[in-house]
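Here's the structure we're looking at; comments come further down.
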Amino acid sequence: MELRQYQIVLVNLDPTVGSEIKKTRPCVIISPDEMNKHLRTVIIAPMTSQSKTYPTRVEVIRDHRTSWVIIDQVRTIDKQRIMKTLDELSAKEIIQVKCIIRETFVN
């Protein structure tokens, strides 16, 4: 399975500890394609359909349903956790994700 940056994939995030986001859910791959090609891990940001408006969340609309990319829960996972690819972010959503990543992690 070829994995690309900004793809939405279904990921089994369990087991988790404490406040980590859990269960099988869509996630956005945020690691660059060069890493995705050569490493056995990818960096993802989970998605949720239940969220308040936080500055570290990016709203995404798919099939007339709203969900959020949770930048504050970014984590590295083994590719074995990925069950299947679902979709990919639009150009506008990619710009928003990049902006929030920059605001959150780059000073």
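In the structure tokens, the first chain shown is A, the next is B, and so on; residue numbers restart at 1 for each chain, and ligands run from 1 in the order shown.
For Lys23 in chain A, the list of residues within 9 Å, based on only C-alpha atoms and with local chain neighbours fewer than 4 positions off taken out, reads Val11, Asn12, Leu13, Asp14, Pro15 and Thr16 of chain A.
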Who sits within 10 Å of Val60 in chain A, only C-alpha atoms, same chain under 3 positions skipped, as an MDAnalysis selection string: chainID A and resid 47:49 57 64:69 89:90 92:93 96
For Cys27 in chain A, the nearest of the candidates A:Ile100, A:Leu10, A:Ile61, A:Met83, counting only C-alpha atoms: A:Leu10
Among the residues A:Ile101, A:Glu88, A:Arg81, A:Asp72, the one that comes closest to Thr41 in chain A [using only C-alpha atoms]: A:Arg81
Test item, helix (DSSP H, G or I) assignment across range 35-96 of chain A, answer as a list in words: Met35, Asn36, Lys37, His38, Ile71, Asp72, Gln73, Lys79, Gln80, Arg81, Ala91, Lys92, Glu93, Ile94, Ile95 and Gln96 of chain A
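If you look at CA of Leu3 in chain A and CA of Ile77 in chain A, they are 12.8 Å away from each other.
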Strand (DSSP E or B) call set, DSSP backbone run, chain A, as a PyMOL selection string: chain A and resi 7-12+24-29+41-48+57-62+65-70+75-78+82-88
Who sits within 12 Å of Thr104 in chain A, only C-alpha atoms, same chain under 4 positions skipped, as a PyMOL selection string: chain A and resi 54-57+70-74+97-100
Could you write out that same residue set with all heavy atoms as an mmCIF file, in the first residue's frame?
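To be explicit, this is the file written out as result-v5.cif:
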data_model
loop_
_atom_site.group_PDB
_atom_site.id
_atom_site.type_symbol
_atom_site.label_atom_id
_atom_site.label_comp_id
_atom_site.auth_asym_id
_atom_site.auth_seq_id
_atom_site.Cartn_x
_atom_site.Cartn_y
_atom_site.Cartn_z
ATOM 1 N N TYR A 54 -11.280 24.222 18.941
ATOM 2 C CA TYR A 54 -9.969 24.461 19.544
ATOM 3 C C TYR A 54 -9.044 25.012 18.468
ATOM 4 O O TYR A 54 -9.191 24.683 17.293
ATOM 5 C CB TYR A 54 -9.366 23.162 20.092
ATOM 6 C CG TYR A 54 -10.075 22.572 21.278
ATOM 7 C CD1 TYR A 54 -10.574 21.281 21.229
ATOM 8 C CD2 TYR A 54 -10.206 23.285 22.459
ATOM 9 C CE1 TYR A 54 -11.212 20.722 22.324
ATOM 10 C CE2 TYR A 54 -10.847 22.731 23.558
ATOM 11 C CZ TYR A 54 -11.341 21.449 23.489
ATOM 12 O OH TYR A 54 -11.975 20.905 24.571
ATOM 13 N N PRO A 55 -8.051 25.794 18.853
ATOM 14 C CA PRO A 55 -7.128 26.339 17.851
ATOM 15 C C PRO A 55 -6.238 25.272 17.209
ATOM 16 O O PRO A 55 -5.612 25.538 16.190
ATOM 17 C CB PRO A 55 -6.292 27.356 18.638
ATOM 18 C CG PRO A 55 -6.490 27.021 20.066
ATOM 19 C CD PRO A 55 -7.797 26.310 20.184
ATOM 20 N N THR A 56 -6.199 24.067 17.781
ATOM 21 C CA THR A 56 -5.361 22.997 17.228
ATOM 22 C C THR A 56 -6.184 21.968 16.447
ATOM 23 O O THR A 56 -5.729 20.852 16.216
ATOM 24 C CB THR A 56 -4.592 22.280 18.353
ATOM 25 O OG1 THR A 56 -5.544 21.802 19.315
ATOM 26 C CG2 THR A 56 -3.601 23.208 19.014
ATOM 27 N N ARG A 57 -7.383 22.343 16.028
ATOM 28 C CA ARG A 57 -8.255 21.444 15.270
ATOM 29 C C ARG A 57 -8.571 22.071 13.913
ATOM 30 O O ARG A 57 -8.763 23.274 13.803
ATOM 31 C CB ARG A 57 -9.569 21.189 16.021
ATOM 32 C CG ARG A 57 -9.405 20.788 17.497
ATOM 33 C CD ARG A 57 -9.090 19.329 17.643
ATOM 34 N NE ARG A 57 -8.580 18.977 18.959
ATOM 35 C CZ ARG A 57 -9.275 18.339 19.889
ATOM 36 N NH1 ARG A 57 -10.528 18.026 19.679
ATOM 37 N NH2 ARG A 57 -8.700 18.008 21.022
ATOM 38 N N ILE A 70 -7.127 16.429 14.468
ATOM 39 C CA ILE A 70 -6.699 16.803 15.819
ATOM 40 C C ILE A 70 -5.174 16.933 15.847
ATOM 41 O O ILE A 70 -4.460 15.979 16.152
ATOM 42 C CB ILE A 70 -7.173 15.756 16.851
ATOM 43 C CG1 ILE A 70 -8.650 15.449 16.656
ATOM 44 C CG2 ILE A 70 -6.871 16.232 18.260
ATOM 45 C CD1 ILE A 70 -9.132 14.264 17.448
ATOM 46 N N ILE A 71 -4.682 18.125 15.567
ATOM 47 C CA ILE A 71 -3.247 18.360 15.502
ATOM 48 C C ILE A 71 -2.591 18.196 16.879
ATOM 49 O O ILE A 71 -1.435 17.798 16.975
ATOM 50 C CB ILE A 71 -2.946 19.757 14.907
ATOM 51 C CG1 ILE A 71 -3.578 19.917 13.518
ATOM 52 C CG2 ILE A 71 -1.446 20.036 14.872
ATOM 53 C CD1 ILE A 71 -3.120 18.936 12.467
ATOM 54 N N ASP A 72 -3.331 18.439 17.955
ATOM 55 C CA ASP A 72 -2.754 18.294 19.295
ATOM 56 C C ASP A 72 -2.589 16.842 19.735
ATOM 57 O O ASP A 72 -2.083 16.570 20.815
ATOM 58 C CB ASP A 72 -3.578 19.078 20.331
ATOM 59 C CG ASP A 72 -5.043 18.692 20.329
ATOM 60 O OD1 ASP A 72 -5.762 19.172 19.417
ATOM 61 O OD2 ASP A 72 -5.477 17.932 21.209
ATOM 62 N N GLN A 73 -2.979 15.884 18.894
ATOM 63 C CA GLN A 73 -2.810 14.459 19.212
ATOM 64 C C GLN A 73 -1.924 13.745 18.177
ATOM 65 O O GLN A 73 -2.048 12.539 17.962
ATOM 66 C CB GLN A 73 -4.179 13.769 19.275
ATOM 67 C CG GLN A 73 -4.994 14.128 20.482
ATOM 68 C CD GLN A 73 -4.672 13.259 21.681
ATOM 69 O OE1 GLN A 73 -4.107 12.184 21.583
ATOM 70 N NE2 GLN A 73 -5.049 13.737 22.850
ATOM 71 N N VAL A 74 -1.021 14.483 17.534
ATOM 72 C CA VAL A 74 -0.111 13.904 16.541
ATOM 73 C C VAL A 74 0.697 12.784 17.184
ATOM 74 O O VAL A 74 1.136 12.903 18.328
ATOM 75 C CB VAL A 74 0.839 14.993 15.986
ATOM 76 C CG1 VAL A 74 1.998 14.395 15.220
ATOM 77 C CG2 VAL A 74 0.077 15.956 15.102
ATOM 78 N N VAL A 97 -4.193 22.671 7.551
ATOM 79 C CA VAL A 97 -3.429 21.750 8.405
ATOM 80 C C VAL A 97 -1.993 22.250 8.556
ATOM 81 O O VAL A 97 -1.456 22.305 9.662
ATOM 82 C CB VAL A 97 -3.468 20.305 7.846
ATOM 83 C CG1 VAL A 97 -2.410 19.426 8.499
ATOM 84 C CG2 VAL A 97 -4.850 19.701 8.039
ATOM 85 N N LYS A 98 -1.357 22.642 7.449
ATOM 86 C CA LYS A 98 0.014 23.162 7.513
ATOM 87 C C LYS A 98 0.096 24.387 8.420
ATOM 88 O O LYS A 98 1.033 24.521 9.216
ATOM 89 C CB LYS A 98 0.509 23.540 6.120
ATOM 90 C CG LYS A 98 0.862 22.363 5.253
ATOM 91 C CD LYS A 98 1.337 22.867 3.899
ATOM 92 C CE LYS A 98 1.799 21.751 3.015
ATOM 93 N NZ LYS A 98 2.323 22.249 1.722
ATOM 94 N N CYS A 99 -0.870 25.263 8.327
ATOM 95 C CA CYS A 99 -0.899 26.477 9.138
ATOM 96 C C CYS A 99 -0.980 26.136 10.631
ATOM 97 O O CYS A 99 -0.236 26.679 11.444
ATOM 98 C CB CYS A 99 -2.063 27.352 8.713
ATOM 99 S SG CYS A 99 -2.182 28.900 9.605
ATOM 100 N N ILE A 100 -1.870 25.224 10.985
ATOM 101 C CA ILE A 100 -2.037 24.847 12.396
ATOM 102 C C ILE A 100 -0.809 24.105 12.910
ATOM 103 O O ILE A 100 -0.377 24.325 14.050
ATOM 104 C CB ILE A 100 -3.324 24.014 12.610
ATOM 105 C CG1 ILE A 100 -4.558 24.831 12.239
ATOM 106 C CG2 ILE A 100 -3.423 23.508 14.045
ATOM 107 C CD1 ILE A 100 -4.749 26.120 12.991
#
Contacts of Asp33 in chain A at 12 Å (only C-alpha atoms; same-chain gap of 6+ positions) as number ranges by chain: A: 2-7, 39, 41-43
Selected residue, from A:Arg102, A:Arg40, A:Arg75, A:Lys52, that lies nearest to Val28 in chain A when counting only C-alpha atoms: A:Arg75
